Every structure is written in C-alpha cells, then in structure tokens.
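File shown: run_3.csv (CSV, C-alpha atoms).
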```csv
chain,number,residue,atom,x,y,z
U,11,MET,CA,14.6,-45.4,-20.2
U,12,PHE,CA,13.7,-42.5,-17.9
U,13,VAL,CA,12.2,-39.3,-19.2
U,14,TYR,CA,13.0,-36.2,-17.3
U,15,ASN,CA,11.0,-32.9,-17.3
U,16,THR,CA,14.2,-31.1,-18.3
U,17,THR,CA,14.1,-32.8,-21.6
U,18,LYS,CA,10.5,-31.9,-22.3
U,19,ALA,CA,9.0,-28.8,-23.8
U,20,GLU,CA,8.9,-25.6,-21.7
U,21,ILE,CA,5.7,-25.0,-19.7
U,22,LEU,CA,4.1,-22.0,-21.3
U,23,GLN,CA,1.4,-21.4,-18.6
U,24,ARG,CA,2.9,-22.6,-15.3
U,25,GLU,CA,-0.3,-21.9,-13.3
U,26,TYR,CA,-2.0,-24.9,-15.1
U,27,GLY,CA,1.0,-27.3,-15.1
U,28,ARG,CA,2.6,-29.7,-17.5
U,29,ASN,CA,-0.2,-32.3,-17.6
U,30,LEU,CA,-2.8,-29.8,-18.8
U,31,GLN,CA,-0.4,-28.5,-21.4
U,32,GLU,CA,0.1,-32.0,-22.7
U,33,LEU,CA,-3.7,-32.4,-22.9
U,34,ALA,CA,-3.9,-29.2,-24.9
U,35,ALA,CA,-1.2,-30.5,-27.3
U,36,HIS,CA,-3.3,-33.7,-27.7
U,37,VAL,CA,-6.4,-31.6,-28.5
U,38,VAL,CA,-4.5,-29.8,-31.3
U,39,GLY,CA,-3.7,-33.2,-32.9
U,40,ILE,CA,-7.4,-34.2,-33.1
U,41,GLU,CA,-8.2,-34.2,-36.9
U,42,ASP,CA,-12.0,-33.8,-36.7
U,43,ARG,CA,-12.8,-30.1,-36.1
U,44,GLN,CA,-16.1,-30.8,-34.3
U,45,GLU,CA,-14.4,-33.3,-31.9
U,46,ARG,CA,-11.5,-30.9,-31.5
U,47,THR,CA,-13.8,-28.0,-30.5
U,48,LYS,CA,-15.7,-30.3,-28.1
U,49,ALA,CA,-12.4,-31.4,-26.4
U,50,ALA,CA,-11.3,-27.7,-26.2
U,51,HIS,CA,-14.5,-26.8,-24.3
U,52,ALA,CA,-13.9,-29.7,-21.9
U,53,LEU,CA,-10.3,-28.5,-21.4
U,54,ILE,CA,-11.6,-25.0,-20.6
U,55,HIS,CA,-13.9,-26.4,-18.0
U,56,LEU,CA,-10.9,-28.2,-16.4
U,57,MET,CA,-8.9,-25.0,-16.4
U,58,LYS,CA,-11.7,-23.3,-14.6
U,59,GLU,CA,-11.7,-25.9,-11.9
U,60,LEU,CA,-7.9,-25.6,-11.5
U,61,THR,CA,-8.0,-21.8,-11.0
U,62,PRO,CA,-10.6,-20.7,-8.4
U,63,ASN,CA,-12.0,-17.3,-9.1
U,64,LYS,CA,-15.0,-15.4,-7.8
U,65,MET,CA,-15.7,-14.1,-11.3
U,66,LYS,CA,-16.0,-17.5,-13.0
U,67,ASP,CA,-19.2,-16.5,-14.8
U,68,SER,CA,-17.9,-13.2,-16.2
U,69,PRO,CA,-17.1,-12.9,-19.9
U,70,GLU,CA,-13.7,-11.4,-19.1
U,71,TYR,CA,-12.7,-14.5,-17.1
U,72,ALA,CA,-13.9,-16.8,-19.9
U,73,GLN,CA,-11.9,-14.9,-22.5
U,74,ARG,CA,-8.8,-15.1,-20.3
U,75,LEU,CA,-9.1,-18.9,-20.1
U,76,TRP,CA,-9.4,-19.2,-23.9
U,77,ASP,CA,-6.4,-16.9,-24.4
U,78,ASP,CA,-4.4,-19.1,-22.0
U,79,LEU,CA,-5.4,-22.2,-23.9
U,80,TYR,CA,-4.2,-20.6,-27.2
U,81,ILE,CA,-0.9,-19.6,-25.5
U,82,MET,CA,-0.4,-23.2,-24.2
U,83,THR,CA,-0.7,-24.5,-27.7
U,84,ASP,CA,1.6,-21.8,-29.1
U,85,PHE,CA,-1.4,-20.5,-31.0
U,86,ALA,CA,-1.7,-23.7,-33.0
U,87,LEU,CA,-5.2,-24.5,-31.8
U,88,ASP,CA,-7.9,-24.1,-34.4
U,89,VAL,CA,-11.4,-24.5,-33.0
U,90,ASP,CA,-14.8,-22.8,-33.0
U,91,GLY,CA,-14.4,-21.0,-29.8
U,92,PRO,CA,-16.6,-18.1,-28.3
U,93,PHE,CA,-13.7,-15.7,-28.7
U,94,GLU,CA,-11.3,-14.9,-31.6
U,95,ARG,CA,-7.8,-16.3,-31.4
U,96,PRO,CA,-5.5,-13.5,-30.2
U,97,GLU,CA,-2.5,-12.5,-32.1
U,98,PRO,CA,0.9,-13.5,-30.5
U,99,ALA,CA,2.1,-9.9,-30.8
U,100,SER,CA,-0.8,-8.6,-28.6
U,101,ILE,CA,-0.2,-11.2,-25.9
U,102,HIS,CA,3.5,-10.6,-25.5
U,103,LYS,CA,3.3,-6.8,-25.9
U,104,LYS,CA,4.5,-4.9,-22.9
U,105,PRO,CA,2.1,-2.4,-21.3
U,106,ALA,CA,3.0,1.3,-21.7
U,107,GLN,CA,4.8,2.8,-18.8
U,108,VAL,CA,2.5,5.0,-16.6
U,109,PRO,CA,4.4,8.2,-15.8
U,110,TYR,CA,4.3,9.9,-12.5
U,111,LEU,CA,1.7,12.7,-12.3
U,112,GLY,CA,3.6,16.0,-12.3
U,113,GLY,CA,7.0,14.4,-12.2
U,114,ARG,CA,8.6,12.3,-9.6
U,115,PRO,CA,8.0,13.0,-5.8
U,116,SER,CA,10.6,15.1,-4.1
U,117,PHE,CA,11.0,12.3,-1.4
U,118,MET,CA,10.2,8.8,-2.7
U,119,HIS,CA,9.8,7.4,0.9
U,120,TYR,CA,7.0,10.0,1.5
U,121,GLY,CA,5.2,9.7,-1.8
U,122,ARG,CA,2.9,11.9,-3.8
U,123,ASN,CA,0.0,11.9,-1.3
U,124,ILE,CA,2.0,13.5,1.4
U,125,GLU,CA,2.8,16.4,-1.0
U,126,ASN,CA,-0.8,16.8,-1.8
U,127,MET,CA,-1.7,16.8,1.9
U,128,ILE,CA,0.9,19.5,2.6
U,129,ALA,CA,-0.4,21.6,-0.3
U,130,LYS,CA,-3.9,21.4,1.2
U,131,ALA,CA,-2.6,22.3,4.7
U,132,THR,CA,-1.1,25.6,3.3
U,133,GLU,CA,-4.6,26.7,2.5
U,134,ILE,CA,-5.9,26.5,6.1
U,135,GLU,CA,-6.2,29.9,7.6
U,136,ASP,CA,-7.0,29.0,11.2
U,137,GLU,CA,-3.7,28.7,13.1
U,138,GLU,CA,-4.9,26.0,15.5
U,139,GLU,CA,-6.4,23.9,12.8
U,140,ARG,CA,-3.3,24.4,10.6
U,141,LEU,CA,-1.1,23.2,13.5
U,142,GLY,CA,-3.3,20.1,13.9
U,143,ALA,CA,-2.9,19.3,10.2
U,144,VAL,CA,0.9,19.7,10.5
U,145,VAL,CA,1.0,17.3,13.4
U,146,THR,CA,-1.2,14.7,11.6
U,147,ILE,CA,0.9,14.9,8.4
U,148,GLY,CA,4.2,14.8,10.5
U,149,ARG,CA,3.1,11.7,12.3
U,150,LEU,CA,2.3,10.0,9.0
U,151,MET,CA,5.7,11.1,7.5
U,152,ARG,CA,7.4,9.8,10.6
U,153,THR,CA,5.8,6.3,10.0
U,154,PHE,CA,7.0,6.3,6.4
U,155,TYR,CA,10.4,7.5,7.4
U,156,LEU,CA,10.8,4.6,9.9
U,157,GLN,CA,9.9,2.1,7.1
U,158,TRP,CA,12.7,3.5,5.1
U,159,ASN,CA,15.2,4.0,7.9
U,160,ARG,CA,14.4,1.8,10.9
U,161,ASP,CA,17.3,3.1,13.1
U,162,ASN,CA,15.9,6.4,14.2
U,163,VAL,CA,14.1,9.5,13.1
U,164,ASP,CA,14.6,13.1,14.2
U,165,ASP,CA,11.4,15.2,14.5
U,166,LYS,CA,13.5,18.2,13.4
U,167,VAL,CA,14.1,16.4,10.1
U,168,ILE,CA,10.4,15.7,9.6
U,169,LEU,CA,9.5,19.3,10.2
U,170,ALA,CA,12.3,20.5,7.9
U,171,ASP,CA,10.9,18.2,5.2
U,172,ILE,CA,7.5,19.7,5.6
U,173,LYS,CA,8.8,23.2,5.2
U,174,ARG,CA,10.8,22.1,2.1
U,175,LEU,CA,7.8,20.3,0.5
U,176,SER,CA,5.6,23.4,1.1
U,177,ARG,CA,8.3,25.6,-0.3
U,178,GLY,CA,8.1,27.7,2.9
U,179,LYS,CA,4.4,28.4,2.5
U,180,LEU,CA,3.2,26.3,5.5
U,181,LYS,CA,3.7,28.3,8.7
U,182,PHE,CA,3.6,26.6,12.1
U,183,ASP,CA,5.3,26.8,15.5
U,184,GLU,CA,8.1,24.3,15.2
U,185,GLU,CA,9.4,24.9,18.8
U,186,TYR,CA,5.9,24.2,20.2
U,187,ILE,CA,5.7,20.9,18.4
U,188,LEU,CA,9.2,19.7,19.4
U,189,GLU,CA,8.8,20.7,23.1
U,190,ASN,CA,5.5,18.9,23.5
U,191,GLN,CA,6.7,15.9,21.3
U,192,LEU,CA,3.5,16.0,19.3
U,193,LEU,CA,4.9,13.9,16.5
U,194,VAL,CA,5.4,10.9,18.8
U,195,THR,CA,2.4,8.7,18.5
U,196,SER,CA,2.8,7.3,22.0
U,197,GLY,CA,2.9,10.8,23.5
U,198,PRO,CA,0.3,13.5,23.6
U,199,THR,CA,-2.7,13.4,21.3
U,200,GLY,CA,-1.3,16.0,19.0
U,201,ARG,CA,-4.3,18.3,19.2
U,202,PRO,CA,-3.4,21.8,20.3
U,203,ASN,CA,-5.3,23.1,23.2
U,204,ARG,CA,-7.8,25.8,23.0
U,205,ASN,CA,-5.5,28.3,24.6
U,206,TYR,CA,-2.7,27.6,22.1
U,207,SER,CA,-2.3,31.2,21.0
U,208,ASN,CA,-1.9,32.3,24.7
U,209,ASN,CA,0.5,29.5,25.6
U,210,ARG,CA,3.1,29.9,22.8
U,211,GLY,CA,6.6,30.0,24.1
U,212,ARG,CA,5.9,28.4,27.4
U,213,LYS,CA,8.1,25.5,28.4
U,214,PHE,CA,6.7,22.0,28.8
U,215,SER,CA,6.5,21.2,32.5
U,216,ASN,CA,5.2,18.4,34.8
U,217,LYS,CA,4.5,20.9,37.6
U,218,GLY,CA,0.7,20.4,37.3
U,219,ARG,CA,1.1,16.6,37.4
U,220,SER,CA,3.3,16.8,40.5
U,221,GLN,CA,0.8,19.0,42.3
U,222,GLY,CA,-2.0,16.5,41.5
U,223,GLN,CA,0.0,13.7,42.9
U,224,ASN,CA,0.7,15.6,46.1
U,225,ARG,CA,-3.0,16.4,46.6
U,226,GLY,CA,-3.9,12.7,46.2
U,227,ASN,CA,-1.6,11.9,49.1
U,228,GLN,CA,-3.3,14.3,51.5
U,229,ASN,CA,-5.8,12.9,54.0
U,230,ARG,CA,-9.2,14.3,54.7
U,231,SER,CA,-7.9,16.5,57.6
U,232,GLY,CA,-5.6,18.3,55.2
U,233,GLY,CA,-2.4,16.6,56.3
U,234,TYR,CA,-0.2,14.1,54.5
U,235,ARG,CA,-0.7,10.4,55.2
U,236,LYS,CA,1.9,8.8,57.3
U,237,ARG,CA,3.6,5.8,55.8
U,238,LYS,CA,3.1,2.6,57.7
U,239,ASN,CA,6.2,0.8,58.9
```
As structure tokens:
Amino acid sequence: MFVYNTTKAEILQREYGRNLQELAAHVVGIEDRQERTKAAHALIHLMKELTPNKMKDSPEYAQRLWDDLYIMTDFALDVDGPFERPEPASIHKKPAQVPYLGGRPSFMHYGRNIENMIAKATEIEDEEERLGAVVTIGRLMRTFYLQWNRDNVDDKVILADIKRLSRGKLKFDEEYILENQLLVTSGPTGRPNRNYSNNRGRKFSNKGRSQGQNRGNQNRSGGYRKRKN
C-alpha cells in the first residue's frame, strides 16, 4: 500500500523538510531524557548544516535553531537544551504594525525621503544652488514616477508635484528648467551655469553649436573646403 505525503502530518518548518521533522518526532519518543537530549543536540547540528548562515556561531542563530526544533515537535520536546522552551503564544504572535512617521506620504510613489529632500531644499538661500537641488530632486522623482507609470512622464507634472510637496515654499525658475530639459537624464548635466541670473528668460538655441560646426569646415586660408566629387 502506497503512503502519500498528502496523508501525512503537515510540515511545520518547510525550510528543513519532512524527513527532519520525522526525525524530530522520533527524538520526542525517546524515553531516556539523557539520550533524548543527546539526540536533540545531534539534530540541531544537522539543522545547522541544512541552513547555511554566516552567523552560525552567534547565540542568536543557535537560539533560532532550538526554537525551530521546538516548533517542529509542536512544543512536545522536553530536553535539557541551552535555551528555554518558548511559549507557543510568543512564537505565533504577530509583530506590532510600524506606523508611518508623521502620517502617510502625500505621494506613495515618491516616498517619504523625497518630501524630506524638498523640505531641505526650501532652506537653501543661494538661487543657483537651490535650482541645482530642484533639478536633482526632479530627476529622482522622474525615475520613481516611471517605475509607477511606465508609459510617459511630463516634466511639468514633476515640477508641479515639487511645488505641491513644498506647499509653495520652494521657489525656482520652472520655465528655465523646462526649456533646457534639465530633468532629462540623457540631456544636459542639470547644473545651472555661472551666469544663470543673467540668462533667465533667454530661449534655448543651437546657434552657438551651428557656428562651431561652420568654423570646423573652414580651411586654413579662411575659405570653406570644397566637397570632392
């Protein structure tokens, strides 16, 4: 007659498997207490080999193994172990829920750290340094936003969220950021130039780049190179 695992007792500690649980049940049935304790220590050594851990020699790891052994025997094991047998209520007790600090974040996909960074940025007095902080925070928010919505992200939405999270306290030149595409990580570096205060309101242009290309096409005599046929 075949014996299927579905007809056997439930595995209480799946990381060790059914065979080890059956060995633990055999240890419980040993009548001599000294022999039972000796067999329990041998079983703990086997459990240590089955679960590799860098902290094998730590007391915390040893106590965890003994707790697991008691759980596998449904707390029926009675031996002279190095640790006290835990109470079943303490093992199955659910941990207390850790509340969010200061309430839930306004935007879950940004998280609490973004709000803290924006709060710090509002304290920056230097206009250029504050703009650099906004660009850095905006790029990070853009990354988080794309993880939440992989279709697309509008930089105007990111900047609007920054203003909302700062409750309007963080002042920056939104038009300058959008025109120069500073929130796009593959674009400019995001660091405002030294003449930022003098360049506000200017339109982004490739004029300088075009002139540089034209100068590169000039020959030494000052004329343009002729294209070879």
Between U:Ile134, U:Ile168, U:Phe93, U:Glu139, single out the one closest to Tyr80 of chain U, counting only C-alpha atoms.
U:Phe93
Would you mind reading off the distance between atom CA of Glu59 of chain U and atom CA of Ala34 of chain U, one decimal, in Å?
15.5 Å
What's the 9 Å shell around Thr83 of chain U, counting all atoms listed in the file, without same-chain residues fewer than 5 positions away, as a ChimeraX atom specification?
/U:22,31,34-35,38,78
For each of U:Asn63, U:Ser116, U:Met82, U:Ala52, take the minimum atom-to-atom distance to Gln23 of chain U, counting all atoms listed in the file, then give the residue where this is smallest.
U:Met82
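The spacing separating atom CA of Lys58 of chain U from atom CA of Lys103 of chain U amounts to 25.0 Å.
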In Å, with one decimal, what is the gap from atom CA of Met57 of chain U to atom CA of Val89 of chain U?
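These two atoms are separated by 16.8 Å.
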Near Ala49 of chain U, within 9 Å and counting all atoms listed in the file, which residues show up once chain neighbours fewer than 4 positions away are dropped, as a PyMOL selection string?
chain U and resi 34+37+40+44-45+53-54
Best match for closeness to Tyr26 of chain U among U:Ile81, U:His51, U:Pro115, U:Asn126, counting only C-alpha atoms:
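Between U:Ile81, U:His51, U:Pro115, U:Asn126, the residue approaching Tyr26 of chain U most closely is U:Ile81.
Remark: for Arg74 of chain U, the closest of the candidate residues U:Leu56, U:Gln107, U:Asn159, U:Pro96 is U:Pro96 (distances computed over all atoms listed in the file).
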Which residues are near segment 150-152 of chain U? Cut-off 8 Å, only C-alpha atoms, ignore same chain within fewer than 2 positions. Put them as an mmCIF file with C-alpha atoms, in the frame of the given file.
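Okay, this is what ended up in selection-v9.cif:
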```
data_model
loop_
_atom_site.group_PDB
_atom_site.id
_atom_site.type_symbol
_atom_site.label_atom_id
_atom_site.label_comp_id
_atom_site.auth_asym_id
_atom_site.auth_seq_id
_atom_site.Cartn_x
_atom_site.Cartn_y
_atom_site.Cartn_z
ATOM 1 C CA TYR U 120 7.000 10.000 1.500
ATOM 2 C CA ILE U 124 2.000 13.500 1.400
ATOM 3 C CA THR U 146 -1.200 14.700 11.600
ATOM 4 C CA ILE U 147 0.900 14.900 8.400
ATOM 5 C CA GLY U 148 4.200 14.800 10.500
ATOM 6 C CA PHE U 154 7.000 6.300 6.400
ATOM 7 C CA TYR U 155 10.400 7.500 7.400
ATOM 8 C CA LEU U 156 10.800 4.600 9.900
ATOM 9 C CA VAL U 163 14.100 9.500 13.100
ATOM 10 C CA ASP U 165 11.400 15.200 14.500
ATOM 11 C CA ILE U 168 10.400 15.700 9.600
ATOM 12 C CA LEU U 193 4.900 13.900 16.500
#
```
Pick the closest to Gln191 of chain U from U:Leu175, U:Leu79, U:Leu169, U:Leu30: which is it, counting all atoms listed in the file?
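Ranking U:Leu175, U:Leu79, U:Leu169, U:Leu30 by distance to Gln191 of chain U, first place goes to U:Leu169.
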So which residues are close to (1.9, 19.3, 3.5), meaning at most 10 Å away in the file's coordinates with only C-alpha atoms counted, and can you show them as a list in words?
Asn123, Ile124, Glu125, Asn126, Met127, Ile128, Ala129, Lys130, Ala131, Thr132, Glu133, Ala143, Val144, Thr146, Ile147, Gly148, Met151, Asp171, Ile172, Lys173, Arg174, Leu175, Ser176, Arg177, Lys179 and Leu180 of chain U
Find the spatial neighbours of Gly39 of chain U, counting all atoms listed in the file, within a cut-off of 10 Å - ignore same-chain residues fewer than 5 positions away - and output them as a PyMOL selection string.
chain U and resi 34+46+86-87
With all atoms listed in the file as the basis for distance, which of U:Lys181, U:Phe85, U:Pro98, U:Leu188 is at the shortest distance from Val167 of chain U?
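Answer, going by the shortest atom-to-atom distance: U:Leu188.
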